[in-house]
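Dropping work36.cif in here (mmCIF, C-alpha atoms):
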data_protein
loop_
_atom_site.label_atom_id
_atom_site.label_comp_id
_atom_site.auth_asym_id
_atom_site.auth_seq_id
_atom_site.Cartn_x
_atom_site.Cartn_y
_atom_site.Cartn_z
CA MET T 1 -22.93 3.63 0.50
CA ASP T 2 -22.03 2.86 4.13
CA ILE T 3 -21.11 6.18 5.67
CA GLU T 4 -20.25 6.58 9.33
CA HIS T 5 -20.94 9.88 10.96
CA VAL T 6 -18.84 11.40 13.73
CA SER T 7 -20.37 14.42 15.45
CA GLY T 8 -18.39 17.44 16.54
CA LYS T 9 -17.74 21.06 15.61
CA ASN T 10 -19.21 21.94 12.23
CA LYS T 11 -16.43 23.09 9.91
CA GLY T 12 -18.28 22.44 6.68
CA THR T 13 -18.67 19.14 4.85
CA VAL T 14 -15.78 16.86 5.78
CA MET T 15 -15.61 13.46 4.12
CA LEU T 16 -12.82 10.96 4.70
CA TYR T 17 -12.29 8.17 2.17
CA ALA T 18 -10.36 5.46 3.95
CA LEU T 19 -9.45 1.77 3.92
CA SER T 20 -10.34 -0.44 6.87
CA THR T 21 -6.83 -1.96 6.92
CA CYS T 22 -4.74 1.18 6.45
CA GLY T 23 -2.66 2.57 9.32
CA TRP T 24 -2.44 6.10 7.90
CA CYS T 25 -6.20 6.20 7.39
CA ALA T 26 -6.64 5.26 11.05
CA LYS T 27 -4.25 8.03 12.11
CA THR T 28 -6.16 10.56 10.01
CA LYS T 29 -9.44 9.49 11.60
CA GLU T 30 -7.89 9.77 15.07
CA LEU T 31 -6.62 13.27 14.28
CA LEU T 32 -10.08 14.42 13.15
CA ARG T 33 -11.54 13.03 16.37
CA GLU T 34 -8.85 14.75 18.40
CA LEU T 35 -9.67 18.05 16.66
CA GLY T 36 -13.33 17.49 17.51
CA ILE T 37 -14.50 18.04 13.92
CA GLU T 38 -17.82 16.80 12.61
CA PHE T 39 -17.08 14.44 9.75
CA ASP T 40 -18.18 11.41 7.77
CA TYR T 41 -16.05 8.51 6.67
CA THR T 42 -16.36 5.44 4.55
CA PHE T 43 -14.16 2.37 4.16
CA VAL T 44 -13.90 2.01 0.41
CA ASP T 45 -12.53 -1.54 0.63
CA LEU T 46 -15.77 -2.64 2.30
CA LEU T 47 -17.92 -1.23 -0.51
CA GLU T 48 -18.74 -3.43 -3.44
CA GLY T 49 -19.38 -3.12 -7.17
CA LYS T 50 -20.83 0.17 -8.34
CA GLU T 51 -20.69 1.76 -4.88
CA GLN T 52 -16.96 1.17 -4.71
CA ASP T 53 -16.51 2.42 -8.25
CA ASP T 54 -18.46 5.60 -7.55
CA ALA T 55 -16.40 6.22 -4.42
CA MET T 56 -13.17 5.69 -6.39
CA ASN T 57 -14.31 8.15 -9.06
CA THR T 58 -14.90 10.75 -6.35
CA VAL T 59 -11.52 10.05 -4.73
CA GLU T 60 -9.79 10.41 -8.10
CA ARG T 61 -11.47 13.76 -8.71
CA PHE T 62 -9.65 15.17 -5.69
CA ASN T 63 -6.62 12.90 -5.86
CA PRO T 64 -5.73 11.56 -9.34
CA SER T 65 -3.51 8.82 -7.89
CA GLY T 66 -6.59 7.31 -6.20
CA SER T 67 -4.73 6.69 -2.95
CA PHE T 68 -5.88 6.61 0.68
CA PRO T 69 -6.62 8.39 2.92
CA THR T 70 -8.23 11.13 0.86
CA LEU T 71 -9.92 13.83 2.90
CA VAL T 72 -12.40 15.99 1.00
CA ILE T 73 -13.27 19.33 2.58
CA ASN T 74 -16.39 21.21 1.42
CA ASN T 75 -16.40 19.25 -1.81
CA LYS T 76 -13.54 21.44 -2.94
CA LYS T 77 -10.24 20.72 -1.29
CA GLY T 78 -8.60 17.30 -1.14
CA VAL T 79 -5.92 16.39 1.39
CA VAL T 80 -4.01 13.29 0.34
CA GLY T 81 -2.36 11.13 2.97
CA PHE T 82 -1.86 11.70 6.68
CA LYS T 83 -0.60 15.29 6.41
CA GLU T 84 -0.97 16.27 10.02
CA GLN T 85 0.03 19.95 9.68
CA GLU T 86 -2.09 20.52 6.62
CA ILE T 87 -5.15 18.96 8.27
CA ARG T 88 -4.65 20.94 11.48
CA GLU T 89 -4.34 24.16 9.48
CA ALA T 90 -7.40 23.42 7.37
CA PHE T 91 -9.55 23.36 10.53
CA ARG T 92 -7.90 26.17 12.46
CA MET I 1 -19.18 -8.90 3.07
CA ALA I 2 -18.43 -11.65 5.59
CA PHE I 3 -16.90 -10.59 8.86
CA ILE I 4 -13.26 -11.55 9.07
CA GLU I 5 -11.81 -12.27 12.44
CA ILE I 6 -8.08 -11.92 12.92
CA LYS I 7 -6.85 -13.38 16.19
CA PRO I 8 -4.29 -11.31 18.14
CA GLU I 9 -2.13 -14.38 18.78
CA ASP I 10 -1.94 -15.06 15.02
CA VAL I 11 -0.93 -11.45 14.41
CA GLU I 12 1.77 -11.85 17.06
CA THR I 13 3.11 -15.01 15.40
CA PHE I 14 3.12 -13.43 11.93
CA TYR I 15 4.77 -10.30 13.36
CA ARG I 16 7.65 -12.36 14.75
CA ILE I 17 8.09 -14.27 11.48
CA LEU I 18 8.12 -11.06 9.42
CA GLN I 19 10.52 -9.43 11.84
CA LYS I 20 12.97 -12.30 11.46
CA GLU I 21 12.60 -12.44 7.68
CA ALA I 22 13.11 -8.69 7.41
CA LYS I 23 16.22 -8.80 9.56
CA ASP I 24 17.67 -11.77 7.66
CA GLY I 25 17.16 -9.90 4.39
CA GLY I 26 18.69 -6.65 5.61
CA TYR I 27 15.34 -4.90 6.13
CA GLN I 28 13.66 -3.41 9.20
CA LEU I 29 10.04 -3.44 10.27
CA ASN I 30 8.53 -0.26 11.67
CA THR I 31 9.51 -0.06 15.35
CA ASP I 32 6.07 1.25 16.38
CA ALA I 33 4.83 -2.21 17.36
CA GLU I 34 1.15 -1.31 17.66
CA PHE I 35 1.05 0.43 14.27
CA THR I 36 2.96 -2.44 12.68
CA LYS I 37 0.71 -5.13 14.16
CA ASN I 38 -2.33 -3.29 12.79
CA LEU I 39 -0.76 -3.34 9.34
CA ILE I 40 -0.02 -7.04 9.74
CA ALA I 41 -3.63 -7.69 10.77
CA GLY I 42 -4.59 -5.82 7.57
CA LEU I 43 -2.31 -8.05 5.49
CA MET I 44 -3.90 -11.13 7.08
CA LYS I 45 -7.39 -9.76 6.42
CA ASN I 46 -6.46 -9.15 2.78
CA GLU I 47 -5.04 -12.65 2.46
CA GLN I 48 -8.36 -14.03 3.71
CA ARG I 49 -10.66 -11.88 1.62
CA TYR I 50 -8.63 -11.65 -1.61
CA GLY I 51 -6.40 -14.72 -1.42
CA TYR I 52 -3.19 -12.70 -1.49
CA ARG I 53 -1.37 -10.33 0.85
CA ALA I 54 -2.26 -7.04 -0.80
CA CYS I 55 -0.84 -3.87 0.74
CA PRO I 56 -3.14 -2.80 3.59
CA CYS I 57 -2.92 0.85 2.48
CA ARG I 58 -4.01 0.26 -1.11
CA LEU I 59 -7.33 -0.77 -2.57
CA ALA I 60 -6.99 -4.28 -4.00
CA SER I 61 -9.11 -5.29 -6.98
CA GLY I 62 -9.59 -8.88 -5.83
CA LYS I 63 -7.89 -10.02 -9.07
CA LYS I 64 -4.42 -11.24 -8.27
CA GLU I 65 -3.02 -10.72 -11.79
CA GLN I 66 -3.93 -7.02 -11.55
CA ASP I 67 -2.44 -6.62 -8.08
CA LEU I 68 0.88 -8.50 -8.30
CA ASP I 69 2.73 -5.20 -7.87
CA ILE I 70 1.07 -4.49 -4.49
CA ILE I 71 1.50 -7.91 -2.91
CA CYS I 72 3.63 -7.32 0.17
CA PRO I 73 6.55 -6.75 -0.13
CA CYS I 74 5.38 -4.61 -3.04
CA ASP I 75 7.32 -3.62 -6.16
CA TYR I 76 7.61 -0.10 -4.75
CA ARG I 77 9.11 -0.91 -1.34
CA ASP I 78 12.78 -0.57 -2.24
CA PRO I 79 12.54 2.71 -4.21
CA ASP I 80 10.34 4.18 -1.46
CA LEU I 81 12.80 3.09 1.24
CA ASN I 82 15.55 4.80 -0.76
CA ASP I 83 13.64 8.03 -1.32
CA TYR I 84 11.51 8.36 1.83
CA GLY I 85 12.95 5.95 4.38
CA ALA I 86 9.70 3.99 4.52
CA CYS I 87 7.57 1.91 2.22
CA TYR I 88 4.13 3.24 1.27
CA CYS I 89 2.25 1.74 4.24
CA ALA I 90 5.32 2.11 6.50
CA LEU I 91 5.57 -1.56 7.41
CA TYR I 92 9.22 -1.39 6.34
CA VAL I 93 11.45 1.50 7.35
CA SER I 94 15.07 2.55 6.86
CA GLU I 95 17.75 2.29 9.52
CA GLU I 96 17.54 6.08 10.17
CA ILE I 97 13.83 5.93 10.83
CA ALA I 98 14.11 2.75 12.90
CA THR I 99 16.72 4.35 15.15
CA GLY I 100 14.79 7.63 15.37
CA SER I 101 17.42 9.87 13.74
CA LYS I 102 14.86 10.70 11.03
CA THR I 103 11.10 11.01 11.40
CA ILE I 104 8.61 9.27 9.22
CA ALA I 105 6.61 11.33 6.71
CA PRO I 106 3.79 10.39 4.31
CA VAL I 107 5.04 8.55 1.23
CA PRO I 108 3.43 9.66 -2.04
CA GLU I 109 1.82 6.91 -4.10
CA ARG I 110 4.24 5.57 -6.70
CA ARG I 111 1.84 3.03 -8.17
CA PRO I 112 0.35 4.27 -11.46
CA PRO I 113 -3.31 5.37 -11.20
CA ARG I 114 -6.06 2.90 -12.19
CA ALA I 115 -6.41 4.22 -15.74
CA GLU I 116 -2.70 3.76 -16.53
CA ARG I 117 -2.08 0.35 -15.01
CA GLY I 118 -2.97 -1.79 -18.00
CA ASN I 119 0.12 -0.71 -19.91
CA GLN I 120 2.74 -2.39 -17.70
CA ALA I 121 3.03 -5.64 -19.68
CA VAL I 122 3.07 -3.79 -22.99
CA LYS I 123 6.00 -1.63 -21.93
CA GLN I 124 7.97 -4.67 -20.84
CA ALA I 125 7.36 -6.50 -24.13
CA PHE I 126 8.46 -3.42 -26.05
CA SER I 127 11.75 -3.02 -24.18
CA LEU I 128 12.47 -6.71 -24.71
CA THR I 129 12.17 -6.60 -28.49
CA SER I 130 14.32 -3.47 -28.62
CA SER I 131 16.97 -5.00 -26.35
CA PRO I 132 20.46 -4.71 -27.83
CA VAL I 133 21.47 -8.03 -26.31
CA ALA I 134 21.96 -10.65 -29.01
CA ALA I 135 21.29 -14.33 -28.54
CA LEU I 136 21.85 -15.26 -24.89
CA ALA I 137 22.48 -18.81 -23.76
CA PHE I 138 19.74 -18.25 -21.14
CA PRO I 139 17.08 -15.64 -20.58
CA VAL I 140 17.75 -13.35 -17.60
CA TRP I 141 14.94 -12.92 -15.07
CA ARG I 142 14.59 -10.06 -12.64
CA CYS I 143 12.71 -10.12 -9.35
CA LYS I 144 10.55 -6.98 -9.36
CA VAL I 145 10.59 -6.87 -5.58
CA CYS I 146 14.31 -6.93 -4.80
CA GLY I 147 16.07 -6.79 -8.17
CA TYR I 148 17.67 -10.27 -7.93
CA LEU I 149 18.81 -11.47 -11.37
CA CYS I 150 19.27 -15.02 -12.57
CA ALA I 151 20.03 -16.58 -15.94
CA ARG I 152 18.01 -19.78 -16.39
CA ASP I 153 15.15 -21.12 -18.49
CA GLN I 154 12.50 -20.15 -15.93
CA PRO I 155 12.54 -17.89 -12.89
CA PRO I 156 12.71 -19.72 -9.54
CA ASP I 157 9.42 -20.60 -7.79
CA ILE I 158 10.53 -18.47 -4.85
CA CYS I 159 13.07 -15.65 -5.00
CA PRO I 160 16.07 -16.86 -2.96
CA ILE I 161 16.69 -13.31 -1.73
CA CYS I 162 13.31 -11.84 -0.82
CA LYS I 163 10.99 -14.89 -1.05
CA ALA I 164 8.68 -13.27 -3.61
CA THR I 165 6.87 -15.84 -5.76
CA LYS I 166 7.63 -16.74 -9.40
CA GLU I 167 4.97 -14.48 -10.93
CA ARG I 168 6.76 -11.42 -9.53
CA PHE I 169 9.67 -11.99 -11.96
CA GLU I 170 9.99 -10.20 -15.29
CA ARG I 171 12.17 -11.01 -18.27
CA PHE I 172 15.16 -8.68 -17.99
CA MET I 173 17.32 -9.74 -20.98
#

Before we go any further, please render this structure as structure tokens.
Amino acid sequence: MDIEHVSGKNKGTVMLYALSTCGWCAKTKELLRELGIEFDYTFVDLLEGKEQDDAMNTVERFNPSGSFPTLVINNKKGVVGFKEQEIREAFR
Amino acid sequence: MAFIEIKPEDVETFYRILQKEAKDGGYQLNTDAEFTKNLIAGLMKNEQRYGYRACPCRLASGKKEQDLDIICPCDYRDPDLNDYGACYCALYVSEEIATGSKTIAPVPERRPPRAERGNQAVKQAFSLTSSPVAALAFPVWRCKVCGYLCARDQPPDICPICKATKERFERFM
């Protein structure tokens, strides 16, 4: 799976599932950069076949609607959509 | 996957066309021009890679018949504009949001999840057979995008109201 890494302050495992064409995904990525968090992201629309399917299964585990962006924190908490306040609070 | 290049001047042209079409139809594009042009570039990218203008904020399957509901303008735009003042990707916004008297907030996904999508056609067929309407001189077709109704043998190739294509129509009565 193509995963991009962004270095910054370690606040646990932070994984952003995004789409390369989605405006809200871009805003979420910008916010994480602004907060200076270390995180990984992947553009699920650029994955193919089984890789895309595996990524979707993970997204759906944290977000049954399977929508984007889905931010997974410490493999436990999922934040669905560009929820600015919720994301800021999660990394306070 | 092949690299897809979207030229800024083509985005600009498409932006102006969409803006005019939206205005003519009583809709509004998001007034954040940079955000909106990025969405439009996404629509153009999807048209190139999938062959149809799938919503830039949803994962398309690459199979048009499975994604008819998310071809922009999607089946969910109007209810989302009513309830949240913006469509799911926020390409279209309400008057209040366009004029700044209300701020834009994330729109929850209204599209059924992957596992439940197959049932759409079944539901429609069921409601048709249980329709109380007796023999009609013509079937009535409904545009799933804007709700336009017409009574004729076949739906129009292009919706005269919102320009959605024929396959976006469902039998209504």

Convert the output of the PyMOL selection byres ((chain T) within 9 of (chain I)) on the shown file into explicit residues, formatted as a PyMOL selection string.
chain T and resi 18-25+44-48+60+64-69+80-83

Taking the file above as input, evaluate the PyMOL selection byres ((chain T and resi 38) around 10) and report the hits as a PyMOL selection string.
chain T and resi 5-15+32-33+35-37+39-40

Explicit residue set for the PyMOL selection byres ((chain I and resi 138) around 9), as a PyMOL selection string:
chain I and resi 135-137+139-140+151-153+173

Atomic separation - atom CA of T:Leu16 relative to atom CA of T:Leu31, Å
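The value is 11.6 Å.
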
Atomic separation - atom CA of T:Thr42 relative to atom CA of T:Asp2, Å:
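Going from atom CA of T:Asp2 over to atom CA of T:Thr42 covers 6.2 Å.
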
Work out how far apart atom CA of I:Val145 and atom CA of I:Thr13 are and give it in Å to one decimal.
23.7 Å

Find the residue from I:Tyr84, I:Arg49, I:Leu29, I:Asp24 that sits nearest to I:Ile4; use all atoms listed in the file when measuring.
I:Arg49

Nearest residue to I:Cys72 from the set I:Arg171, I:Arg16, I:Lys144, I:Lys23 (distances using all atoms listed in the file)
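Smallest separation from I:Cys72 among the options: I:Lys144.
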